[in-house]
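Structure below is final20.pdb: PDB, C-alpha atoms, pLDDT in the B column.
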```
ATOM      1  CA  MET A   1     128.321  83.588 104.434  1.00 67.00           C
ATOM      2  CA  THR A   2     129.320  82.333 101.031  1.00 84.00           C
ATOM      3  CA  ALA A   3     130.669  84.896  98.584  1.00 88.00           C
ATOM      4  CA  LEU A   4     129.427  84.405  95.037  1.00 94.00           C
ATOM      5  CA  SER A   5     131.167  85.262  91.787  1.00 95.00           C
ATOM      6  CA  PHE A   6     129.470  87.297  89.066  1.00 96.00           C
ATOM      7  CA  GLU A   7     128.936  84.056  87.108  1.00 97.00           C
ATOM      8  CA  LYS A   8     127.274  82.352  90.095  1.00 97.00           C
ATOM      9  CA  LEU A   9     125.029  85.366  90.635  1.00 97.00           C
ATOM     10  CA  GLU A  10     124.030  85.336  86.968  1.00 97.00           C
ATOM     11  CA  GLU A  11     123.193  81.634  87.305  1.00 98.00           C
ATOM     12  CA  ALA A  12     121.209  82.357  90.498  1.00 97.00           C
ATOM     13  CA  TYR A  13     119.215  85.016  88.624  1.00 97.00           C
ATOM     14  CA  ILE A  14     118.433  82.642  85.772  1.00 98.00           C
ATOM     15  CA  PHE A  15     117.402  79.817  88.132  1.00 98.00           C
ATOM     16  CA  ALA A  16     115.161  82.087  90.242  1.00 98.00           C
ATOM     17  CA  TYR A  17     113.534  83.421  87.055  1.00 98.00           C
ATOM     18  CA  GLU A  18     112.993  79.895  85.677  1.00 98.00           C
ATOM     19  CA  ASN A  19     111.627  78.663  89.000  1.00 98.00           C
ATOM     20  CA  ALA A  20     109.153  81.556  89.106  1.00 98.00           C
ATOM     21  CA  GLU A  21     108.054  80.642  85.585  1.00 98.00           C
ATOM     22  CA  GLU A  22     107.551  76.981  86.563  1.00 98.00           C
ATOM     23  CA  LEU A  23     105.619  77.970  89.703  1.00 98.00           C
ATOM     24  CA  LEU A  24     103.342  80.188  87.601  1.00 98.00           C
ATOM     25  CA  GLN A  25     102.738  77.399  85.080  1.00 98.00           C
ATOM     26  CA  GLU A  26     101.809  75.017  87.901  1.00 98.00           C
ATOM     27  CA  SER A  27      99.646  77.677  89.554  1.00 98.00           C
ATOM     28  CA  ARG A  28      97.790  78.146  86.252  1.00 98.00           C
ATOM     29  CA  LEU A  29      97.224  74.363  85.991  1.00 98.00           C
ATOM     30  CA  LEU A  30      95.790  74.263  89.503  1.00 98.00           C
ATOM     31  CA  TYR A  31      93.593  77.271  88.767  1.00 98.00           C
ATOM     32  CA  GLU A  32      92.248  75.667  85.595  1.00 98.00           C
ATOM     33  CA  ASN A  33      91.439  72.545  87.646  1.00 98.00           C
ATOM     34  CA  LYS A  34      89.553  74.615  90.253  1.00 98.00           C
ATOM     35  CA  ARG A  35      92.200  74.128  92.965  1.00 97.00           C
ATOM     36  CA  TYR A  36      92.109  77.801  93.900  1.00 97.00           C
ATOM     37  CA  ALA A  37      93.812  77.723  97.302  1.00 97.00           C
ATOM     38  CA  ARG A  38      96.902  75.936  96.052  1.00 97.00           C
ATOM     39  CA  SER A  39      96.890  78.005  92.865  1.00 97.00           C
ATOM     40  CA  TYR A  40      97.079  81.078  95.096  1.00 96.00           C
ATOM     41  CA  THR A  41      99.892  79.488  97.131  1.00 97.00           C
ATOM     42  CA  LEU A  42     102.062  78.767  94.103  1.00 97.00           C
ATOM     43  CA  ALA A  43     101.389  82.224  92.657  1.00 96.00           C
ATOM     44  CA  GLN A  44     102.562  83.695  95.963  1.00 95.00           C
ATOM     45  CA  PHE A  45     105.680  81.510  95.922  1.00 96.00           C
ATOM     46  CA  ALA A  46     106.375  82.732  92.370  1.00 97.00           C
ATOM     47  CA  HIS A  47     105.814  86.288  93.583  1.00 94.00           C
ATOM     48  CA  GLU A  48     108.441  85.842  96.283  1.00 95.00           C
ATOM     49  CA  GLU A  49     110.799  84.182  93.809  1.00 96.00           C
ATOM     50  CA  LEU A  50     110.483  87.198  91.506  1.00 96.00           C
ATOM     51  CA  ALA A  51     111.398  89.460  94.440  1.00 94.00           C
ATOM     52  CA  LYS A  52     114.786  87.749  94.481  1.00 96.00           C
ATOM     53  CA  LEU A  53     115.632  89.038  91.004  1.00 96.00           C
ATOM     54  CA  PRO A  54     116.424  92.672  91.920  1.00 94.00           C
ATOM     55  CA  ILE A  55     118.319  91.466  95.001  1.00 94.00           C
ATOM     56  CA  ILE A  56     120.484  89.168  92.877  1.00 96.00           C
ATOM     57  CA  TYR A  57     120.903  91.792  90.139  1.00 95.00           C
ATOM     58  CA  GLN A  58     122.113  94.297  92.714  1.00 93.00           C
ATOM     59  CA  GLU A  59     124.809  91.900  93.964  1.00 95.00           C
ATOM     60  CA  ALA A  60     125.788  90.973  90.405  1.00 96.00           C
ATOM     61  CA  THR A  61     126.230  94.680  89.691  1.00 95.00           C
ATOM     62  CA  ARG A  62     128.458  95.033  92.742  1.00 93.00           C
ATOM     63  CA  SER A  63     130.499  92.044  91.601  1.00 95.00           C
ATOM     64  CA  PHE A  64     130.818  93.349  88.062  1.00 94.00           C
ATOM     65  CA  PHE A  65     132.086  96.732  89.292  1.00 93.00           C
ATOM     66  CA  LYS A  66     134.259  95.100  91.989  1.00 92.00           C
ATOM     67  CA  GLU A  67     132.425  96.828  94.844  1.00 91.00           C
ATOM     68  CA  SER A  68     132.079  95.588  98.406  1.00 89.00           C
ATOM     69  CA  HIS A  69     129.366  93.114  99.417  1.00 92.00           C
ATOM     70  CA  ASP A  70     127.414  92.324 102.560  1.00 92.00           C
ATOM     71  CA  TRP A  71     126.957  88.607 101.894  1.00 94.00           C
ATOM     72  CA  LYS A  72     125.239  87.973 105.217  1.00 93.00           C
ATOM     73  CA  ASN A  73     122.545  90.526 104.394  1.00 92.00           C
ATOM     74  CA  PHE A  74     122.274  89.243 100.813  1.00 93.00           C
ATOM     75  CA  HIS A  75     121.617  85.654 101.924  1.00 93.00           C
ATOM     76  CA  LYS A  76     119.172  86.838 104.595  1.00 93.00           C
ATOM     77  CA  ARG A  77     117.180  88.919 102.095  1.00 91.00           C
ATOM     78  CA  LEU A  78     116.934  85.973  99.681  1.00 91.00           C
ATOM     79  CA  ARG A  79     115.348  83.752 102.330  1.00 93.00           C
ATOM     80  CA  ASN A  80     113.216  86.198 104.303  1.00 89.00           C
ATOM     81  CA  HIS A  81     109.534  86.264 103.273  1.00 86.00           C
ATOM     82  CA  GLU A  82     108.978  89.695 104.791  1.00 86.00           C
ATOM     83  CA  SER A  83     111.945  91.162 102.941  1.00 85.00           C
ATOM     84  CA  LYS A  84     110.778  89.734  99.614  1.00 87.00           C
ATOM     85  CA  ASN A  85     107.217  90.937 100.173  1.00 85.00           C
ATOM     86  CA  LYS A  86     108.541  94.429 100.960  1.00 83.00           C
ATOM     87  CA  GLN A  87     110.550  94.260  97.738  1.00 82.00           C
ATOM     88  CA  ASN A  88     107.350  93.449  95.815  1.00 81.00           C
ATOM     89  CA  PHE A  89     105.419  96.172  97.638  1.00 79.00           C
ATOM     90  CA  VAL A  90     107.984  98.767  96.536  1.00 79.00           C
ATOM     91  CA  PHE A  91     107.857  97.400  92.971  1.00 79.00           C
ATOM     92  CA  TYR A  92     104.068  97.935  92.770  1.00 74.00           C
ATOM     93  CA  TRP A  93     104.227 101.264  94.570  1.00 76.00           C
ATOM     94  CA  ARG A  94     106.778 102.526  92.002  1.00 77.00           C
ATOM     95  CA  MET A  95     104.833 101.115  89.046  1.00 77.00           C
ATOM     96  CA  LEU A  96     101.682 102.892  90.245  1.00 72.00           C
ATOM     97  CA  ALA A  97     103.621 106.145  90.628  1.00 73.00           C
ATOM     98  CA  ILE A  98     105.178 105.846  87.164  1.00 78.00           C
ATOM     99  CA  THR A  99     101.819 105.125  85.535  1.00 77.00           C
ATOM    100  CA  LYS A 100     100.077 107.776  87.675  1.00 76.00           C
ATOM    101  CA  GLN A 101      97.593 105.231  88.997  1.00 73.00           C
ATOM    102  CA  GLU A 102      96.410 104.823  92.554  1.00 72.00           C
ATOM    103  CA  ASN A 103      95.639 101.826  94.729  1.00 67.00           C
ATOM    104  CA  SER A 104      94.650 102.324  98.353  1.00 67.00           C
ATOM    105  CA  HIS A 105      96.597  99.211  99.409  1.00 62.00           C
ATOM    106  CA  PHE A 106      99.892 100.438  97.941  1.00 64.00           C
ATOM    107  CA  THR A 107     100.640 103.593  99.872  1.00 67.00           C
ATOM    108  CA  ILE A 108     103.589 103.965 102.212  1.00 68.00           C
ATOM    109  CA  GLU A 109     101.158 104.666 105.056  1.00 75.00           C
ATOM    110  CA  LYS A 110      99.476 101.291 104.509  1.00 71.00           C
ATOM    111  CA  MET A 111     102.613  99.250 103.841  1.00 74.00           C
ATOM    112  CA  GLU A 112     102.659  97.396 107.178  1.00 80.00           C
ATOM    113  CA  ASP A 113      98.934  96.549 106.958  1.00 80.00           C
ATOM    114  CA  THR A 114      99.298  95.387 103.358  1.00 77.00           C
ATOM    115  CA  LEU A 115     102.331  93.241 104.185  1.00 80.00           C
ATOM    116  CA  GLN A 116     100.499  91.687 107.134  1.00 84.00           C
ATOM    117  CA  SER A 117      97.529  90.936 104.878  1.00 86.00           C
ATOM    118  CA  ILE A 118      99.815  89.328 102.270  1.00 86.00           C
ATOM    119  CA  ASN A 119     101.320  87.066 104.921  1.00 87.00           C
ATOM    120  CA  GLU A 120      97.874  86.133 106.277  1.00 91.00           C
ATOM    121  CA  MET A 121      96.588  85.284 102.789  1.00 91.00           C
ATOM    122  CA  ARG A 122      99.679  83.151 102.125  1.00 92.00           C
ATOM    123  CA  ASN A 123      99.067  81.246 105.354  1.00 93.00           C
ATOM    124  CA  ASN A 124      95.325  80.982 104.658  1.00 93.00           C
ATOM    125  CA  SER A 125      96.132  79.343 101.325  1.00 95.00           C
ATOM    126  CA  ILE A 126      98.295  76.661 102.971  1.00 95.00           C
ATOM    127  CA  TYR A 127      97.057  75.849 106.467  1.00 96.00           C
ATOM    128  CA  ALA A 128      93.829  74.830 108.165  1.00 96.00           C
ATOM    129  CA  ASP A 129      93.287  77.146 111.133  1.00 94.00           C
ATOM    130  CA  ILE A 130      90.819  78.611 113.606  1.00 94.00           C
ATOM    131  CA  LYS A 131      89.142  81.826 112.482  1.00 89.00           C
ATOM    132  CA  ASN A 132      86.372  83.537 114.442  1.00 89.00           C
ATOM    133  CA  ASN A 133      86.160  80.525 116.778  1.00 93.00           C
ATOM    134  CA  LYS A 134      85.559  78.145 113.859  1.00 94.00           C
ATOM    135  CA  PHE A 135      87.932  75.777 112.142  1.00 96.00           C
ATOM    136  CA  THR A 136      88.492  76.505 108.488  1.00 95.00           C
ATOM    137  CA  LYS A 137      90.660  75.250 105.639  1.00 96.00           C
ATOM    138  CA  PRO A 138      92.320  76.861 102.614  1.00 96.00           C
ATOM    139  CA  SER A 139      89.693  75.743 100.086  1.00 96.00           C
ATOM    140  CA  LEU A 140      87.082  77.643 102.131  1.00 95.00           C
ATOM    141  CA  GLU A 141      89.249  80.761 102.460  1.00 94.00           C
ATOM    142  CA  ILE A 142      90.589  81.267  98.925  1.00 96.00           C
ATOM    143  CA  GLU A 143      87.864  81.771  96.344  1.00 95.00           C
ATOM    144  CA  LYS A 144      88.183  81.711  92.572  1.00 96.00           C
ATOM    145  CA  ASN A 145      88.261  85.491  92.099  1.00 94.00           C
ATOM    146  CA  LEU A 146      91.051  85.960  94.641  1.00 93.00           C
ATOM    147  CA  ALA A 147      93.178  83.181  93.141  1.00 95.00           C
ATOM    148  CA  GLU A 148      92.588  84.552  89.647  1.00 95.00           C
ATOM    149  CA  ALA A 149      93.458  88.141  90.585  1.00 92.00           C
ATOM    150  CA  HIS A 150      96.646  87.110  92.356  1.00 92.00           C
ATOM    151  CA  LEU A 151      97.760  84.764  89.586  1.00 95.00           C
ATOM    152  CA  GLU A 152      97.185  87.416  86.917  1.00 93.00           C
ATOM    153  CA  LEU A 153      99.031  90.047  88.963  1.00 90.00           C
ATOM    154  CA  VAL A 154     102.104  87.817  89.350  1.00 94.00           C
ATOM    155  CA  GLU A 155     101.982  86.758  85.687  1.00 95.00           C
ATOM    156  CA  GLU A 156     102.107  90.449  84.711  1.00 92.00           C
ATOM    157  CA  MET A 157     105.023  91.037  87.056  1.00 92.00           C
ATOM    158  CA  PHE A 158     106.796  88.070  85.457  1.00 96.00           C
ATOM    159  CA  LYS A 159     106.240  89.592  82.000  1.00 95.00           C
ATOM    160  CA  THR A 160     107.761  92.856  83.234  1.00 93.00           C
ATOM    161  CA  PHE A 161     110.895  91.083  84.460  1.00 95.00           C
ATOM    162  CA  SER A 162     111.106  89.215  81.148  1.00 97.00           C
ATOM    163  CA  LEU A 163     111.540  92.473  79.247  1.00 95.00           C
ATOM    164  CA  SER A 164     115.054  93.004  80.632  1.00 95.00           C
ATOM    165  CA  ASN A 165     116.471  89.785  79.142  1.00 96.00           C
ATOM    166  CA  PHE A 166     118.563  89.373  82.318  1.00 97.00           C
ATOM    167  CA  HIS A 167     117.280  85.782  82.448  1.00 97.00           C
ATOM    168  CA  ILE A 168     119.255  85.009  79.284  1.00 97.00           C
ATOM    169  CA  LYS A 169     122.891  84.052  79.862  1.00 96.00           C
ATOM    170  CA  GLY A 170     125.000  87.146  79.291  1.00 97.00           C
ATOM    171  CA  GLY A 171     122.026  89.509  79.701  1.00 97.00           C
ATOM    172  CA  ILE A 172     123.135  91.006  83.009  1.00 97.00           C
ATOM    173  CA  LYS A 173     126.699  91.516  81.786  1.00 96.00           C
ATOM    174  CA  LYS A 174     125.411  93.194  78.620  1.00 95.00           C
ATOM    175  CA  SER A 175     123.398  95.643  80.741  1.00 95.00           C
ATOM    176  CA  LEU A 176     126.494  96.582  82.765  1.00 95.00           C
ATOM    177  CA  ASP A 177     129.344  96.396  80.257  1.00 94.00           C
ATOM    178  CA  ASN A 178     128.827  99.776  78.609  1.00 92.00           C
ATOM    179  CA  ASP A 179     129.853 103.382  79.131  1.00 92.00           C
ATOM    180  CA  LYS A 180     126.416 104.510  80.332  1.00 92.00           C
ATOM    181  CA  ALA A 181     126.348 101.919  83.145  1.00 90.00           C
ATOM    182  CA  LYS A 182     129.930 102.802  84.151  1.00 89.00           C
ATOM    183  CA  LEU A 183     129.110 106.518  84.299  1.00 90.00           C
ATOM    184  CA  GLN A 184     125.984 105.829  86.327  1.00 89.00           C
ATOM    185  CA  ARG A 185     127.937 103.760  88.881  1.00 88.00           C
ATOM    186  CA  GLU A 186     130.551 106.497  89.126  1.00 87.00           C
ATOM    187  CA  SER A 187     127.789 109.078  89.713  1.00 87.00           C
ATOM    188  CA  PHE A 188     126.286 106.888  92.451  1.00 82.00           C
ATOM    189  CA  ARG A 189     129.725 106.565  94.045  1.00 82.00           C
ATOM    190  CA  LYS A 190     130.295 110.349  94.002  1.00 84.00           C
ATOM    191  CA  LEU A 191     126.874 110.887  95.591  1.00 82.00           C
ATOM    192  CA  GLY A 192     127.736 108.420  98.342  1.00 79.00           C
ATOM    193  CA  LEU A 193     124.996 105.991  97.305  1.00 73.00           C
ATOM    194  CA  ILE A 194     127.518 103.175  96.902  1.00 76.00           C
ATOM    195  CA  LYS A 195     130.983 102.544  98.346  1.00 69.00           C
TER
END
```

Please rewrite the model in this file as structure tokens.
Amino acid sequence: MTALSFEKLEEAYIFAYENAEELLQESRLLYENKRYARSYTLAQFAHEELAKLPIIYQEATRSFFKESHDWKNFHKRLRNHESKNKQNFVFYWRMLAITKQENSHFTIEKMEDTLQSINEMRNNSIYADIKNNKFTKPSLEIEKNLAEAHLELVEEMFKTFSLSNFHIKGGIKKSLDNDKAKLQRESFRKLGLIK
């Protein structure tokens, strides 16, 4: 697998962020033109694109601190839908815990069911299929309220990622090139969390 420099990882972060933004803009256009199934699809694609950001940031951090990489795993995680959806699941699960809110779909016990449902909804928004012995198509499966809820959820996630300024050239380096970040990495190393 291809090894990437810190600069290439920073560029990858920026491009993934910008692509998520473009997908959300196009999803919003489709939603406003009552094309709910495809609006849902593009929102889901943006959702998966946003899941790449922590993966890329993690590798950029390793590069910055000259730590070892598992490039094969990195490239696999970037392309695997299940991996990205798990990444998003953990993001929401942590946000709910931090804000002391609850959602019955985002519990560790229900993770597999929720991830299966996410994959089914993604497929329902793209493909015609047989359901309950009847043929159906995306425009019959994805209603306005579902498309709206998903689009708004992903737009909020996008806003959260925007707060870091990692999508601005030099933003990742700025977050790592300071004494606090160096001490934190050293603490992680001493605890055996990183090599």

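If all atoms listed in the file are the atoms counted, then among A:Phe74, A:Ala3, A:Leu30, A:Phe65 the closest residue to Asn178 in chain A is A:Phe65.
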
**Request:** Name the residues captured by the PyMOL selection byres ((chain A and resi 7) around 10) when it is applied to the shown file; answer as a PyMOL selection string.
**Result:** chain A and resi 4-6+8-13+60+63-64+169-170+172-173

Given the file above and the PyMOL selection byres ((chain A and resi 41-44) around 6), which residues are selected, and can you give them as JSON, numbers by chain? {"A": [23, 24, 27, 38, 39, 40, 45, 46, 47, 125, 151]}

Output the residue selection produced by the PyMOL selection byres ((chain A and resi 84) around 12) on the file above, formatted as a compact mmCIF listing (two decimals) with C-alpha atoms, keeping the file's coordinate frame.
```txt
# COMPACT_ATOMS: atom_id res chain seq x y z
CA GLN A 44 102.56 83.70 95.96
CA PHE A 45 105.68 81.51 95.92
CA ALA A 46 106.38 82.73 92.37
CA HIS A 47 105.81 86.29 93.58
CA GLU A 48 108.44 85.84 96.28
CA GLU A 49 110.80 84.18 93.81
CA LEU A 50 110.48 87.20 91.51
CA ALA A 51 111.40 89.46 94.44
CA LYS A 52 114.79 87.75 94.48
CA LEU A 53 115.63 89.04 91.00
CA PRO A 54 116.42 92.67 91.92
CA ILE A 55 118.32 91.47 95.00
CA ILE A 56 120.48 89.17 92.88
CA PHE A 74 122.27 89.24 100.81
CA HIS A 75 121.62 85.65 101.92
CA LYS A 76 119.17 86.84 104.60
CA ARG A 77 117.18 88.92 102.10
CA LEU A 78 116.93 85.97 99.68
CA ARG A 79 115.35 83.75 102.33
CA ASN A 80 113.22 86.20 104.30
CA HIS A 81 109.53 86.26 103.27
CA GLU A 82 108.98 89.70 104.79
CA SER A 83 111.94 91.16 102.94
CA ASN A 85 107.22 90.94 100.17
CA LYS A 86 108.54 94.43 100.96
CA GLN A 87 110.55 94.26 97.74
CA ASN A 88 107.35 93.45 95.82
CA PHE A 89 105.42 96.17 97.64
CA VAL A 90 107.98 98.77 96.54
CA PHE A 91 107.86 97.40 92.97
CA LEU A 115 102.33 93.24 104.18
CA ILE A 118 99.82 89.33 102.27
CA ASN A 119 101.32 87.07 104.92
```

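Minimum atom-to-atom distances from A:Asn19, A:Trp93, A:Thr99, A:His167 to Met111 in chain A were compared using all atoms listed in the file, and the lowest value belongs to A:Trp93.
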
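Residue nearest Glu141 in chain A, chosen from A:Glu18, A:His69, A:Lys180, A:Ala37 and counting all atoms listed in the file: A:Ala37.
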
### Message
List the spatial neighbours of Leu140 in chain A as a VMD selection string - criterion: any atom at most 12 Å away, all atoms listed in the file, same-chain residues fewer than 6 positions off excluded.
### Response
chain A and resid 35 to 38 124 to 129 131 134 146

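Distance annotation: of A:Lys182, A:Val154, A:Ile168, A:Arg189, the residue with the minimal separation from Ala20 in chain A is A:Val154; atom set is all atoms listed in the file.
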
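Picture a line from CA of Arg62 in chain A to CA of Phe15 in chain A; it runs 19.4 Å.
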
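With distances restricted to all atoms listed in the file, A:Glu59 is the closest residue to Trp71 in chain A from A:Glu26, A:Glu152, A:Glu21, A:Glu59.
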
Long-range neighbours of Gly171 in chain A as number ranges by chain, 10 Å cut-off, only C-alpha atoms, 5 positions minimum in chain: A: 10, 14, 164-166, 176

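When all atoms listed in the file are used to measure the gap to Ser68 in chain A, the shortest distance among A:Lys110, A:Ile194, A:Phe135, A:Glu32 belongs to A:Ile194.
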
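Straight-line separation from CA of Glu156 in chain A to CA of Tyr92 in chain A: 11.2 Å.
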
From CA of Asn73 in chain A to CA of Arg94 in chain A the spacing works out at 23.4 Å

Residues around (94.4, 84.3, 106.5), cut-off 7 Å, counting all atoms listed in the file - what are they as a PDB file with C-alpha atoms, in the frame of the given file?
```
ATOM      1  CA  GLU A 120      97.874  86.133 106.277  1.00 91.00           C
ATOM      2  CA  MET A 121      96.588  85.284 102.789  1.00 91.00           C
ATOM      3  CA  ARG A 122      99.679  83.151 102.125  1.00 92.00           C
ATOM      4  CA  ASN A 123      99.067  81.246 105.354  1.00 93.00           C
ATOM      5  CA  ASN A 124      95.325  80.982 104.658  1.00 93.00           C
TER       6      ASN A 124
END
```
